[in-house]
>>> print(open('query_7.cif').read())   # mmCIF, C-alpha atoms
data_my_file
loop_
_atom_site.group_PDB
_atom_site.id
_atom_site.type_symbol
_atom_site.label_atom_id
_atom_site.label_comp_id
_atom_site.auth_asym_id
_atom_site.auth_seq_id
_atom_site.Cartn_x
_atom_site.Cartn_y
_atom_site.Cartn_z
ATOM 1 C CA MET A 7 86.416 89.281 -76.470
ATOM 2 C CA LEU A 8 85.928 87.350 -79.677
ATOM 3 C CA ILE A 9 82.458 85.894 -80.223
ATOM 4 C CA ARG A 10 83.098 82.948 -82.482
ATOM 5 C CA ARG A 11 80.862 81.346 -85.066
ATOM 6 C CA ILE A 12 80.869 77.897 -83.472
ATOM 7 C CA PRO A 13 78.490 75.651 -81.506
ATOM 8 C CA ILE A 14 77.916 77.059 -78.022
ATOM 9 C CA GLU A 15 79.384 73.940 -76.423
ATOM 10 C CA GLN A 16 82.755 74.876 -77.964
ATOM 11 C CA ALA A 17 82.736 78.471 -76.695
ATOM 12 C CA ALA A 18 85.048 79.522 -73.860
ATOM 13 C CA TRP A 19 83.616 80.356 -70.449
ATOM 14 C CA HIS A 20 84.205 83.775 -68.895
ATOM 15 C CA ASN A 21 83.817 84.548 -65.195
ATOM 16 C CA LEU A 22 82.034 87.494 -63.654
ATOM 17 C CA ASP A 23 85.030 88.314 -61.499
ATOM 18 C CA PHE A 24 84.318 91.880 -60.464
ATOM 19 C CA CYS A 25 82.437 92.543 -57.246
ATOM 20 C CA ASP A 26 82.331 96.280 -57.841
ATOM 21 C CA TRP A 27 81.001 97.524 -54.481
ATOM 22 C CA PRO A 28 82.563 95.077 -52.007
ATOM 23 C CA GLU A 29 82.177 97.148 -48.855
ATOM 24 C CA GLU A 30 78.403 97.415 -49.106
ATOM 25 C CA PHE A 31 77.719 94.275 -51.164
ATOM 26 C CA PRO A 32 80.504 91.732 -50.511
ATOM 27 C CA TYR A 33 78.614 88.576 -51.492
ATOM 28 C CA LYS A 34 80.029 87.021 -54.664
ATOM 29 C CA PRO A 35 78.226 84.003 -56.133
ATOM 30 C CA ASP A 36 79.979 81.851 -58.725
ATOM 31 C CA VAL A 37 78.828 83.049 -62.149
ATOM 32 C CA LYS A 38 80.165 82.423 -65.634
ATOM 33 C CA PHE A 39 78.949 82.883 -69.197
ATOM 34 C CA ARG A 40 79.833 81.940 -72.745
ATOM 35 C CA MET A 41 78.694 83.298 -76.103
ATOM 36 C CA CYS A 42 78.682 82.362 -79.749
ATOM 37 C CA HIS A 43 76.756 83.318 -82.865
ATOM 38 C CA CYS A 44 75.470 81.722 -86.045
ATOM 39 C CA GLY A 45 75.224 84.837 -88.169
ATOM 40 C CA ASP A 46 71.639 85.840 -87.560
ATOM 41 C CA ALA A 47 71.441 84.914 -83.839
ATOM 42 C CA LEU A 48 73.488 85.299 -80.666
ATOM 43 C CA THR A 49 73.539 82.525 -78.059
ATOM 44 C CA ILE A 50 74.474 83.186 -74.428
ATOM 45 C CA ASP A 51 74.841 80.515 -71.748
ATOM 46 C CA PHE A 52 74.898 81.452 -68.061
ATOM 47 C CA SER A 53 75.951 79.151 -65.219
ATOM 48 C CA VAL A 54 75.219 80.295 -61.658
ATOM 49 C CA SER A 55 75.862 78.898 -58.184
ATOM 50 C CA GLU A 56 74.455 81.036 -55.373
ATOM 51 C CA ASP A 57 73.367 80.729 -51.752
ATOM 52 C CA CYS A 58 69.864 82.136 -52.243
ATOM 53 C CA CYS A 59 67.625 82.241 -55.279
ATOM 54 C CA ALA A 60 64.266 83.780 -56.214
ATOM 55 C CA ALA A 61 62.069 84.202 -59.276
ATOM 56 C CA THR A 62 58.998 86.254 -58.400
ATOM 57 C CA THR A 63 58.588 88.026 -61.753
ATOM 58 C CA ASP A 64 56.876 86.008 -64.486
ATOM 59 C CA LYS A 65 55.815 88.797 -66.868
ATOM 60 C CA ASP A 66 58.252 90.044 -69.487
ATOM 61 C CA ASN A 67 59.541 93.601 -69.014
ATOM 62 C CA GLY A 68 58.878 93.298 -65.276
ATOM 63 C CA GLU A 69 61.295 93.948 -62.400
ATOM 64 C CA VAL A 70 63.511 90.934 -63.019
ATOM 65 C CA TRP A 71 66.544 92.632 -61.425
ATOM 66 C CA ASN A 72 64.996 92.070 -57.997
ATOM 67 C CA ASP A 73 65.198 88.290 -58.547
ATOM 68 C CA SER A 74 68.190 86.073 -59.281
ATOM 69 C CA CYS A 75 69.069 87.893 -62.471
ATOM 70 C CA VAL A 76 71.686 87.852 -65.229
ATOM 71 C CA GLU A 77 72.081 90.726 -67.653
ATOM 72 C CA PHE A 78 73.623 91.463 -71.056
ATOM 73 C CA PHE A 79 74.091 95.120 -72.013
ATOM 74 C CA PHE A 80 75.078 95.718 -75.650
ATOM 75 C CA ARG A 81 75.988 98.780 -77.691
ATOM 76 C CA MET A 82 75.962 98.688 -81.475
ATOM 77 C CA PRO A 83 78.766 100.561 -83.270
ATOM 78 C CA GLY A 84 77.965 104.237 -83.626
ATOM 79 C CA ASP A 85 74.912 104.029 -81.358
ATOM 80 C CA ALA A 86 74.354 106.840 -78.864
ATOM 81 C CA GLY A 87 72.424 104.393 -76.695
ATOM 82 C CA TYR A 88 72.542 100.718 -75.792
ATOM 83 C CA TYR A 89 70.341 97.681 -75.236
ATOM 84 C CA ASN A 90 69.831 96.093 -71.842
ATOM 85 C CA ILE A 91 68.618 92.504 -71.759
ATOM 86 C CA GLU A 92 67.899 91.297 -68.227
ATOM 87 C CA THR A 93 66.640 87.809 -67.418
ATOM 88 C CA ASN A 94 65.755 86.138 -64.152
ATOM 89 C CA CYS A 95 66.484 82.483 -63.447
ATOM 90 C CA ILE A 96 63.164 81.276 -64.908
ATOM 91 C CA GLY A 97 63.667 83.061 -68.223
ATOM 92 C CA THR A 98 61.512 86.140 -67.715
ATOM 93 C CA VAL A 99 63.064 88.800 -69.965
ATOM 94 C CA LEU A 100 63.259 92.568 -69.830
ATOM 95 C CA MET A 101 64.661 94.290 -72.921
ATOM 96 C CA ALA A 102 64.962 97.953 -73.763
ATOM 97 C CA HIS A 103 66.982 100.434 -75.789
ATOM 98 C CA ARG A 104 67.948 103.546 -73.879
ATOM 99 C CA LEU A 105 70.371 106.465 -73.736
ATOM 100 C CA GLY A 106 70.886 105.982 -69.986
ATOM 101 C CA LYS A 107 69.313 104.396 -66.942
ATOM 102 C CA ASN A 108 66.241 106.622 -67.140
ATOM 103 C CA LYS A 109 66.869 108.421 -70.436
ATOM 104 C CA GLU A 110 64.771 107.964 -73.584
ATOM 105 C CA VAL A 111 63.806 104.402 -72.763
ATOM 106 C CA LYS A 112 62.114 102.336 -75.474
ATOM 107 C CA MET A 113 60.914 98.967 -74.179
ATOM 108 C CA ALA A 114 60.988 96.015 -76.540
ATOM 109 C CA PRO A 115 57.457 95.206 -77.743
ATOM 110 C CA PRO A 116 55.920 91.768 -77.090
ATOM 111 C CA GLN A 117 56.478 90.648 -80.680
ATOM 112 C CA VAL A 118 60.222 91.202 -80.210
ATOM 113 C CA LEU A 119 60.387 89.537 -76.791
ATOM 114 C CA SER A 120 58.586 86.485 -78.155
ATOM 115 C CA THR A 121 61.475 85.834 -80.562
ATOM 116 C CA ILE A 122 64.019 85.406 -77.736
ATOM 117 C CA LEU A 123 64.416 81.721 -76.920
ATOM 118 C CA ARG A 124 64.893 81.012 -73.187
ATOM 119 C CA LYS A 125 66.003 77.666 -71.734
ATOM 120 C CA PRO A 126 66.145 77.916 -67.910
ATOM 121 C CA SER A 127 67.186 74.839 -65.947
ATOM 122 C CA LEU A 128 64.776 75.766 -63.131
ATOM 123 C CA GLY A 129 61.693 75.807 -65.351
ATOM 124 C CA ARG A 130 59.358 78.735 -65.985
ATOM 125 C CA GLU A 131 57.203 78.803 -62.845
ATOM 126 C CA PRO A 132 57.808 81.662 -60.365
ATOM 127 C CA PHE A 133 58.900 80.947 -56.793
ATOM 128 C CA ALA A 134 59.700 82.860 -53.609
ATOM 129 C CA GLU A 135 63.240 83.117 -52.316
ATOM 130 C CA LYS A 136 64.952 79.864 -51.393
ATOM 131 C CA LYS A 137 67.711 80.409 -48.843
ATOM 132 C CA THR A 138 69.603 77.293 -49.822
ATOM 133 C CA PRO A 139 72.543 76.803 -52.209
ATOM 134 C CA THR A 140 71.195 76.597 -55.754
ATOM 135 C CA GLN A 141 72.852 75.888 -59.069
ATOM 136 C CA TRP A 142 71.089 76.952 -62.218
ATOM 137 C CA SER A 143 71.748 77.635 -65.857
ATOM 138 C CA LEU A 144 70.084 79.655 -68.561
ATOM 139 C CA ARG A 145 70.462 79.734 -72.310
ATOM 140 C CA LEU A 146 69.287 82.701 -74.371
ATOM 141 C CA VAL A 147 69.127 82.685 -78.155
ATOM 142 C CA ILE A 148 68.651 86.261 -79.336
ATOM 143 C CA PRO A 149 67.981 86.820 -83.051
ATOM 144 C CA ALA A 150 69.637 89.807 -84.687
ATOM 145 C CA SER A 151 66.163 91.112 -85.476
ATOM 146 C CA ALA A 152 65.461 91.469 -81.724
ATOM 147 C CA PHE A 153 67.716 94.530 -81.660
ATOM 148 C CA PHE A 154 64.704 96.494 -82.761
ATOM 149 C CA MET A 155 66.313 99.928 -83.147
ATOM 150 C CA HIS A 156 68.726 98.602 -85.749
ATOM 151 C CA ALA A 157 68.495 96.712 -89.017
ATOM 152 C CA VAL A 158 71.182 94.132 -88.306
ATOM 153 C CA LYS A 159 70.656 90.862 -90.153
ATOM 154 C CA ASP A 160 74.033 89.237 -89.540
ATOM 155 C CA PHE A 161 76.434 89.653 -86.623
ATOM 156 C CA SER A 162 79.436 88.498 -88.669
ATOM 157 C CA GLN A 163 82.421 90.874 -88.423
ATOM 158 C CA LEU A 164 80.478 93.262 -86.204
ATOM 159 C CA GLU A 165 82.562 95.177 -83.649
ATOM 160 C CA ALA A 166 80.617 96.410 -80.637
ATOM 161 C CA THR A 167 80.835 96.802 -76.851
ATOM 162 C CA CYS A 168 79.061 95.029 -74.013
ATOM 163 C CA ASN A 169 79.061 94.138 -70.369
ATOM 164 C CA VAL A 170 77.596 91.139 -68.559
ATOM 165 C CA TYR A 171 76.190 91.252 -65.052
ATOM 166 C CA LYS A 172 74.673 89.243 -62.205
ATOM 167 C CA CYS A 173 72.481 90.851 -59.567
ATOM 168 C CA GLY A 174 69.709 90.184 -57.086
ATOM 169 C CA ASP A 175 68.605 93.504 -55.672
ATOM 170 C CA LEU A 176 65.953 92.188 -53.259
ATOM 171 C CA LEU A 177 67.520 88.885 -52.317
ATOM 172 C CA SER A 178 68.530 88.296 -48.703
ATOM 173 C CA MET A 179 72.122 88.409 -50.004
ATOM 174 C CA PRO A 180 72.018 91.226 -52.574
ATOM 175 C CA HIS A 181 74.960 91.356 -54.975
ATOM 176 C CA PHE A 182 76.256 93.090 -58.084
ATOM 177 C CA LEU A 183 78.862 91.360 -60.263
ATOM 178 C CA SER A 184 80.254 92.297 -63.663
ATOM 179 C CA TRP A 185 82.474 90.958 -66.440
ATOM 180 C CA GLU A 186 84.191 94.316 -66.946
ATOM 181 C CA PRO A 187 84.652 96.499 -63.844
ATOM 182 C CA VAL A 188 82.192 99.326 -63.186
ATOM 183 C CA GLU A 189 83.850 102.237 -61.425
ATOM 184 C CA THR A 190 80.972 104.167 -59.883
ATOM 185 C CA PRO A 191 80.374 105.095 -56.215
ATOM 186 C CA ALA A 192 77.145 103.065 -56.013
ATOM 187 C CA PRO A 193 75.695 100.163 -58.041
ATOM 188 C CA ASP A 194 74.896 101.336 -61.568
ATOM 189 C CA PHE A 195 75.147 98.938 -64.480
ATOM 190 C CA HIS A 196 73.801 101.501 -66.955
ATOM 191 C CA ARG A 197 77.223 102.890 -67.726
ATOM 192 C CA PRO A 198 78.334 102.083 -71.291
ATOM 193 C CA GLU A 199 81.660 103.823 -70.710
ATOM 194 C CA PHE A 200 82.632 100.684 -68.801
ATOM 195 C CA PHE A 201 81.587 98.215 -71.521
ATOM 196 C CA GLY A 202 84.268 95.948 -72.976
ATOM 197 C CA ASN A 203 85.073 95.441 -76.652
ATOM 198 C CA VAL A 204 83.613 92.471 -78.506
ATOM 199 C CA LYS A 205 84.146 91.329 -82.070
ATOM 200 C CA PHE A 206 82.041 88.783 -83.911
ATOM 201 C CA GLU A 207 83.933 86.265 -86.024
#
>>> encode(input="query_7.cif", output="structure tokens")
Amino acid sequence: MLIRRIPIEQAAWHNLDFCDWPEEFPYKPDVKFRMCHCGDALTIDFSVSEDCCAATTDKDNGEVWNDSCVEFFFRMPGDAGYYNIETNCIGTVLMAHRLGKNKEVKMAPPQVLSTILRKPSLGREPFAEKKTPTQWSLRLVIPASAFFMHAVKDFSQLEATCNVYKCGDLLSMPHFLSWEPVETPAPDFHRPEFFGNVKFE
């Protein structure tokens, strides 16, 4: 995937088409994303339509994956680990650098998290699960400096790998969707061997 240096409104949408564990978790909400960059920042738009929605976590680095959650996992070139950026539908962010799901995890400090701009269409107030069809969107603007284990100042010409996910572990209709397929026996998004290639214009 090419991440172009253009306004986000001109970026192409990509669907989260893969429902990786359909026998146990068959529910597949409609989810798409688009990305662009401006050199020193990456912008990601998410658009979600789902049949139930929750946002119970309002503290950064909390358990956002239990809510209506979208995720961006990103590996810098030559990095033994990767970053996971997970955000629920009200813009509560979890960010870490890690070597695996529970391996050498370094959580992003508050001063890094505060630099990530969040624009959720549902506002910032937490709410319990709503079992009604809900459409929502989220924009994240992530400065290059937020990737706190690296000294990247400009994304231009960078070649990396990533995957994009949608989940809701504790929703009444739990689900696990991905941009690139994840071929594991059980849900596990922390698998960089299944990331797809991305190149920044």
>>> residues_around(input="query_7.cif", residues="region 134-142 of chain A", least_positions_apart="6", cutoff="12 Å", atoms="all atoms listed in the file", output="NGL selection string")
:A and (35-38 or 51-64 or 72-76 or 94-97 or 125-128 or 174 or 176-180)
>>> closest_residue(input="query_7.cif", among="A:Met82, A:Val118, A:Leu105, A:Cys42", to="Ala166 (chain A)", atoms="all atoms listed in the file")
A:Met82
>>> closest_residue(input="query_7.cif", among="A:Val111, A:Val204, A:Met41, A:Ile12", to="Thr167 (chain A)", atoms="all atoms listed in the file")
A:Val204
>>> closest_residue(input="query_7.cif", among="A:Tyr88, A:Phe154, A:Trp185, A:Phe161", to="Asp23 (chain A)", atoms="only C-alpha atoms")
A:Trp185
>>> closest_residue(input="query_7.cif", among="A:Ala86, A:Ile148, A:Ala47, A:Ala157", to="Pro198 (chain A)", atoms="only C-alpha atoms")
A:Ala86
>>> resolve_selection(input="query_7.cif", expression="the PyMOL selection byres ((chain A and resi 158) around 12)", output="compact mmCIF listing (two decimals) with C-alpha atoms, in the coordinates of the input")
# COMPACT_ATOMS: atom_id res chain seq x y z
CA GLY A 45 75.22 84.84 -88.17
CA ASP A 46 71.64 85.84 -87.56
CA ALA A 47 71.44 84.91 -83.84
CA LEU A 48 73.49 85.30 -80.67
CA MET A 82 75.96 98.69 -81.47
CA PRO A 83 78.77 100.56 -83.27
CA PRO A 149 67.98 86.82 -83.05
CA ALA A 150 69.64 89.81 -84.69
CA SER A 151 66.16 91.11 -85.48
CA ALA A 152 65.46 91.47 -81.72
CA PHE A 153 67.72 94.53 -81.66
CA PHE A 154 64.70 96.49 -82.76
CA MET A 155 66.31 99.93 -83.15
CA HIS A 156 68.73 98.60 -85.75
CA ALA A 157 68.50 96.71 -89.02
CA LYS A 159 70.66 90.86 -90.15
CA ASP A 160 74.03 89.24 -89.54
CA PHE A 161 76.43 89.65 -86.62
CA SER A 162 79.44 88.50 -88.67
CA GLN A 163 82.42 90.87 -88.42
CA LEU A 164 80.48 93.26 -86.20
>>> atom_distance(input="query_7.cif", atom1="CA of Tyr89 (chain A)", atom2="CA of Pro32 (chain A)")
27.4 Å
>>> resolve_selection(input="query_7.cif", expression="the PyMOL selection byres ((chain A and resi 66) around 7)", output="count of residues only")
7
>>> decode(input="query_7.cif", residues="region 193-206 of chain A", atoms="all heavy atoms", output="compact mmCIF listing (two decimals), in the first residue's frame")
# COMPACT_ATOMS: atom_id res chain seq x y z
N PRO A 193 -7.70 -15.85 17.80
CA PRO A 193 -7.43 -14.42 17.60
C PRO A 193 -6.11 -13.97 18.23
O PRO A 193 -5.87 -14.19 19.42
CB PRO A 193 -8.63 -13.75 18.27
CG PRO A 193 -9.74 -14.74 18.14
CD PRO A 193 -9.07 -16.08 18.30
N ASP A 194 -5.27 -13.39 17.40
CA ASP A 194 -3.97 -12.87 17.85
C ASP A 194 -3.49 -11.86 16.82
O ASP A 194 -2.95 -12.25 15.78
CB ASP A 194 -2.96 -14.00 18.03
CG ASP A 194 -1.63 -13.51 18.59
OD1 ASP A 194 -1.50 -12.29 18.85
OD2 ASP A 194 -0.71 -14.34 18.74
N PHE A 195 -3.68 -10.59 17.12
CA PHE A 195 -3.25 -9.55 16.20
C PHE A 195 -1.76 -9.22 16.34
O PHE A 195 -1.20 -8.51 15.51
CB PHE A 195 -4.07 -8.27 16.42
CG PHE A 195 -5.49 -8.37 15.92
CD1 PHE A 195 -6.47 -7.53 16.44
CD2 PHE A 195 -5.86 -9.27 14.94
CE1 PHE A 195 -7.77 -7.58 15.98
CE2 PHE A 195 -7.17 -9.35 14.48
CZ PHE A 195 -8.12 -8.49 15.01
N HIS A 196 -1.12 -9.72 17.38
CA HIS A 196 0.28 -9.38 17.63
C HIS A 196 1.21 -10.32 16.87
O HIS A 196 2.07 -10.98 17.44
CB HIS A 196 0.54 -9.44 19.14
CG HIS A 196 -0.15 -8.36 19.90
ND1 HIS A 196 0.45 -7.19 20.27
CD2 HIS A 196 -1.42 -8.29 20.37
CE1 HIS A 196 -0.40 -6.43 20.93
NE2 HIS A 196 -1.55 -7.08 21.01
N ARG A 197 1.04 -10.33 15.57
CA ARG A 197 1.80 -11.24 14.72
C ARG A 197 2.35 -10.46 13.52
O ARG A 197 1.73 -10.41 12.45
CB ARG A 197 0.91 -12.40 14.27
CG ARG A 197 0.33 -13.22 15.43
CD ARG A 197 1.42 -13.92 16.23
NE ARG A 197 2.04 -15.00 15.45
CZ ARG A 197 1.63 -16.27 15.50
NH1 ARG A 197 0.62 -16.62 16.30
NH2 ARG A 197 2.24 -17.18 14.78
N PRO A 198 3.50 -9.83 13.68
CA PRO A 198 4.05 -8.99 12.60
C PRO A 198 4.40 -9.76 11.34
O PRO A 198 4.57 -9.13 10.28
CB PRO A 198 5.29 -8.36 13.24
CG PRO A 198 5.62 -9.20 14.42
CD PRO A 198 4.32 -9.77 14.90
N GLU A 199 4.48 -11.10 11.43
CA GLU A 199 4.75 -11.86 10.20
C GLU A 199 3.58 -11.78 9.23
O GLU A 199 3.73 -12.13 8.04
CB GLU A 199 5.07 -13.32 10.53
CG GLU A 199 3.93 -14.11 11.14
CD GLU A 199 3.96 -14.12 12.67
OE1 GLU A 199 4.34 -13.09 13.26
OE2 GLU A 199 3.58 -15.16 13.25
N PHE A 200 2.44 -11.29 9.68
CA PHE A 200 1.29 -11.14 8.80
C PHE A 200 1.03 -9.67 8.44
O PHE A 200 -0.03 -9.36 7.88
CB PHE A 200 0.05 -11.76 9.45
CG PHE A 200 0.18 -13.23 9.71
CD1 PHE A 200 0.19 -13.72 11.00
CD2 PHE A 200 0.32 -14.12 8.66
CE1 PHE A 200 0.32 -15.08 11.25
CE2 PHE A 200 0.45 -15.49 8.89
CZ PHE A 200 0.46 -15.96 10.18
N PHE A 201 1.95 -8.78 8.76
CA PHE A 201 1.80 -7.38 8.36
C PHE A 201 1.99 -7.27 6.85
O PHE A 201 2.71 -8.06 6.22
CB PHE A 201 2.85 -6.50 9.04
CG PHE A 201 2.65 -6.31 10.53
CD1 PHE A 201 1.67 -6.98 11.23
CD2 PHE A 201 3.48 -5.44 11.23
CE1 PHE A 201 1.48 -6.79 12.59
CE2 PHE A 201 3.32 -5.25 12.60
CZ PHE A 201 2.31 -5.92 13.28
N GLY A 202 1.36 -6.24 6.27
CA GLY A 202 1.52 -5.95 4.85
C GLY A 202 2.51 -4.82 4.62
O GLY A 202 2.79 -4.02 5.51
N ASN A 203 3.05 -4.76 3.41
CA ASN A 203 4.04 -3.74 3.08
C ASN A 203 3.37 -2.39 2.83
O ASN A 203 2.32 -2.30 2.20
CB ASN A 203 4.82 -4.14 1.82
CG ASN A 203 5.67 -5.37 2.03
OD1 ASN A 203 6.24 -5.57 3.10
ND2 ASN A 203 5.75 -6.22 1.02
N VAL A 204 4.01 -1.34 3.33
CA VAL A 204 3.57 0.03 3.07
C VAL A 204 4.78 0.86 2.69
O VAL A 204 5.88 0.66 3.19
CB VAL A 204 2.85 0.66 4.28
CG1 VAL A 204 1.52 -0.02 4.54
CG2 VAL A 204 3.71 0.64 5.53
N LYS A 205 4.55 1.79 1.78
CA LYS A 205 5.60 2.73 1.39
C LYS A 205 5.04 4.13 1.41
O LYS A 205 3.94 4.39 0.93
CB LYS A 205 6.10 2.41 -0.03
CG LYS A 205 7.21 3.35 -0.49
CD LYS A 205 7.77 2.97 -1.85
CE LYS A 205 8.89 3.93 -2.24
NZ LYS A 205 9.50 3.58 -3.56
N PHE A 206 5.76 5.03 2.03
CA PHE A 206 5.37 6.44 2.11
C PHE A 206 5.91 7.17 0.89
O PHE A 206 7.08 7.05 0.55
CB PHE A 206 5.90 7.07 3.39
CG PHE A 206 5.24 6.57 4.65
CD1 PHE A 206 5.62 5.38 5.24
CD2 PHE A 206 4.21 7.30 5.25
CE1 PHE A 206 5.02 4.92 6.39
CE2 PHE A 206 3.60 6.86 6.40
CZ PHE A 206 4.01 5.66 6.97
